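**Q** Structure incoming, see below.
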Amino acid sequence: MRVYPSNCHIHTGAGSGLWLRHFAHIAAREINLRLAPAMLTRQAIHSGAYFESFEASPNRWTIERIESSLKETLARRPGRGNDVWIFAYGSLMWNPAVKFDARRVASLDNWHRAFCLRMEAGRATAERPGRMLALRPGGSTQGLALRLAADTLDEELRLVWVREMVLGSYRPTWVSLALEGGETVDGIAFVADESRDQYESDASVATVAPLIHQAHGRFGSNAEYLSKLHAALHAWGLRDPYVQTLESRVGRPEPTPGLAGSIDFDA
């Protein structure tokens, strides 16, 4: 797997984890972060541009810590089956940026969507903070289950981890997913890590709606993200009363001038 420019030679084998530790200095040297942001792509993660775009955030995890989280999660992998499924409940629904060989509507019991993570980068700033989406205990959630392609599994997992764990806001958790049609599979869900500084216990519509309405950063508005989430749920015939109420309260955002897309960092 190459997640660094082709002119950077990194030894693999027993020290293959070195690929991650070269993100920061490679990106700083070779990537012009002042270019207009675009829709998050595999290349943006591979090149280090995505990781480096959070350089100013005090919550950004180190490369080593991201890698360690992936290894620890895989070590807890349940014994049922060899496939790896990822539960998509946010931006992974409309912009997965990973290769998968199956995508199914799925239900997850005992977890529900909540905009419970404080956001001060991406679609917000420290002066105009917003909220990121996560999962919290209780209720149930409908989303999509993505089965990562087996022939590039290691690469897909690394891409997902850099994307989701850049700020360490989530706790990767093995869950049981009920697929449409009755099949049950083990999958990974990125749930809110309530021990992190970014976690906010009050995710009520009354509290969150004004924050989402005013938040805006280099990658667009928080309201635009909410609108995309609402549209993705509708496209798949899914409903989430919390999201629907928030979307009606916040309203539809105006497109951000000059942005072809956006970079989002939740599942």
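Going through the structure tokens in order, the chains are called A, B, and so on, while each chain numbers its residues from 1 and the ligands are numbered from 1 in the order shown.
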Give me the residues near Leu211 (chain A) as a VMD selection string, where near means some atom within 9 Å (using only C-alpha atoms) and where sequence neighbours in that chain fewer than 5 positions away do not count.
**A** chain A and resid 128 to 131 222
**Q** Just list the residues in region 39-134 of chain A DSSP gives helix (DSSP H, G or I) on the backbone, as a tab-separated table (two decimals) with N, CA and C atoms, in the first residue's frame.
**A**
```tsv
chain	number	residue	atom	x	y	z
A	42	ARG	N	-9.64	9.07	-1.98
A	42	ARG	CA	-8.56	8.17	-1.55
A	42	ARG	C	-7.21	8.88	-1.68
A	43	GLN	N	-7.05	9.65	-2.76
A	43	GLN	CA	-5.78	10.32	-2.98
A	43	GLN	C	-5.48	11.33	-1.88
A	44	ALA	N	-6.51	12.03	-1.41
A	44	ALA	CA	-6.30	13.01	-0.35
A	44	ALA	C	-5.77	12.35	0.92
A	45	ILE	N	-6.24	11.13	1.18
A	45	ILE	CA	-5.76	10.40	2.36
A	45	ILE	C	-4.38	9.81	2.09
A	46	HIS	N	-4.23	9.19	0.92
A	46	HIS	CA	-2.94	8.60	0.55
A	46	HIS	C	-1.81	9.62	0.61
A	47	SER	N	-2.05	10.80	0.09
A	47	SER	CA	-0.99	11.79	-0.04
A	47	SER	C	-0.60	12.42	1.28
A	49	ALA	N	-2.59	14.81	2.58
A	49	ALA	CA	-3.25	16.12	2.61
A	49	ALA	C	-4.35	16.17	3.66
A	50	TYR	N	-5.11	15.10	3.74
A	50	TYR	CA	-6.21	15.07	4.72
A	50	TYR	C	-5.68	15.15	6.14
A	51	PHE	N	-4.70	14.32	6.45
A	51	PHE	CA	-4.11	14.32	7.79
A	51	PHE	C	-3.52	15.69	8.12
A	52	GLU	N	-2.80	16.26	7.18
A	52	GLU	CA	-2.10	17.52	7.43
A	52	GLU	C	-3.07	18.69	7.56
A	63	ILE	N	0.50	10.03	14.33
A	63	ILE	CA	0.46	8.92	13.38
A	63	ILE	C	0.55	7.58	14.10
A	64	GLU	N	1.44	7.50	15.08
A	64	GLU	CA	1.64	6.25	15.81
A	64	GLU	C	0.37	5.84	16.56
A	65	ARG	N	-0.33	6.82	17.08
A	65	ARG	CA	-1.53	6.50	17.85
A	65	ARG	C	-2.65	5.98	16.95
A	66	ILE	N	-2.77	6.53	15.77
A	66	ILE	CA	-3.75	6.03	14.81
A	66	ILE	C	-3.45	4.58	14.46
A	67	GLU	N	-2.19	4.31	14.17
A	67	GLU	CA	-1.78	2.96	13.82
A	67	GLU	C	-2.04	1.98	14.97
A	68	SER	N	-1.75	2.41	16.18
A	68	SER	CA	-1.97	1.56	17.35
A	68	SER	C	-3.45	1.24	17.54
A	69	SER	N	-4.31	2.22	17.30
A	69	SER	CA	-5.75	2.00	17.43
A	69	SER	C	-6.23	0.93	16.47
A	70	LEU	N	-5.74	0.97	15.24
A	70	LEU	CA	-6.12	-0.04	14.26
A	70	LEU	C	-5.70	-1.43	14.71
A	71	LYS	N	-4.46	-1.56	15.15
A	71	LYS	CA	-3.96	-2.86	15.59
A	71	LYS	C	-4.75	-3.39	16.78
A	72	GLU	N	-5.05	-2.53	17.73
A	72	GLU	CA	-5.80	-2.94	18.91
A	72	GLU	C	-7.21	-3.39	18.55
A	73	THR	N	-7.83	-2.70	17.61
A	73	THR	CA	-9.19	-3.08	17.20
A	73	THR	C	-9.19	-4.42	16.50
A	74	LEU	N	-8.24	-4.64	15.62
A	74	LEU	CA	-8.17	-5.92	14.91
A	74	LEU	C	-7.88	-7.08	15.86
A	75	ALA	N	-7.15	-6.79	16.93
A	75	ALA	CA	-6.85	-7.83	17.91
A	75	ALA	C	-8.11	-8.27	18.66
A	91	SER	N	-21.05	10.42	6.80
A	91	SER	CA	-20.53	10.72	5.47
A	91	SER	C	-20.06	9.50	4.70
A	92	LEU	N	-19.78	8.40	5.38
A	92	LEU	CA	-19.45	7.17	4.67
A	92	LEU	C	-20.62	6.67	3.82
A	93	MET	N	-21.82	7.15	4.11
A	93	MET	CA	-22.98	6.74	3.32
A	93	MET	C	-22.93	7.33	1.92
```
**Q** Excluding region 115-119 of chain A and its own-chain neighbours fewer than 5 positions away, which residues fall within 10 Å of it when counting only C-alpha atoms? Please give them as a PyMOL selection string.
**A** chain A and resi 57+124-126+128-136+167+169-170+192-194+196-205+207-209+211-212+215+217+222+226+242-243+246
**Q** I need the residues in region 6-185 of chain A that are strand (DSSP E) according to DSSP; give them as a ChimeraX atom specification.
**A** /A:85-88,100-119,130-148,170-179,184-185
**Q** Could you tell me how far CA of Leu179 (chain A) sits from CA of His230 (chain A), in Å to one decimal place?
**A**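 Rounded to one decimal, the two atoms are 20.8 Å apart.
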**Q** One number please: CA of Gly138 (chain A) to CA of His112 (chain A), in Å, one decimal.
**A**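 For CA of Gly138 (chain A) relative to CA of His112 (chain A), the distance reads 6.0 Å.
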**Q** Quick one, how far is CA of Val98 (chain A) from CA of Ala149 (chain A)?
**A**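 Separation of CA of Val98 (chain A) and CA of Ala149 (chain A): 8.6 Å.
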**Q** Name the closest residue to Val175 (chain A) among the candidates A:Ser195, A:Asn110, A:Ser53, A:Ser248; distances are taken between atoms, counting only C-alpha atoms.
**A**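 Nearest to Val175 (chain A): A:Asn110.
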**Q** Mind checking which residues fall within 12 Å of Arg239 (chain A), counting only C-alpha atoms, ignoring those fewer than 2 positions away in the same chain, and posting them as a PyMOL selection string?
**A** chain A and resi 89+107+113+140-143+229-237+241-245
**Q** Quick one: residues within 10 Å of Thr152 (chain A), only C-alpha atoms counted, chain neighbours fewer than 3 positions away excluded, as number ranges by chain?
**A** A: 1, 98-100, 148-149, 155-157
**Q** Those residues you just picked out, can you put them in a file as an mmCIF file, in the first residue's frame with C-alpha atoms?
**A**
```
data_model
loop_
_atom_site.group_PDB
_atom_site.id
_atom_site.type_symbol
_atom_site.label_atom_id
_atom_site.label_comp_id
_atom_site.auth_asym_id
_atom_site.auth_seq_id
_atom_site.Cartn_x
_atom_site.Cartn_y
_atom_site.Cartn_z
ATOM 1 C CA MET A 1 0.000 0.000 0.000
ATOM 2 C CA VAL A 98 -12.950 3.031 0.197
ATOM 3 C CA LYS A 99 -13.302 -0.030 -1.989
ATOM 4 C CA PHE A 100 -16.066 -2.396 -0.960
ATOM 5 C CA LEU A 148 -14.378 -4.002 2.572
ATOM 6 C CA ALA A 149 -12.813 -5.587 -0.483
ATOM 7 C CA GLU A 155 -5.254 -0.734 2.562
ATOM 8 C CA GLU A 156 -8.955 -0.065 3.074
ATOM 9 C CA LEU A 157 -8.672 -0.414 6.843
#
```
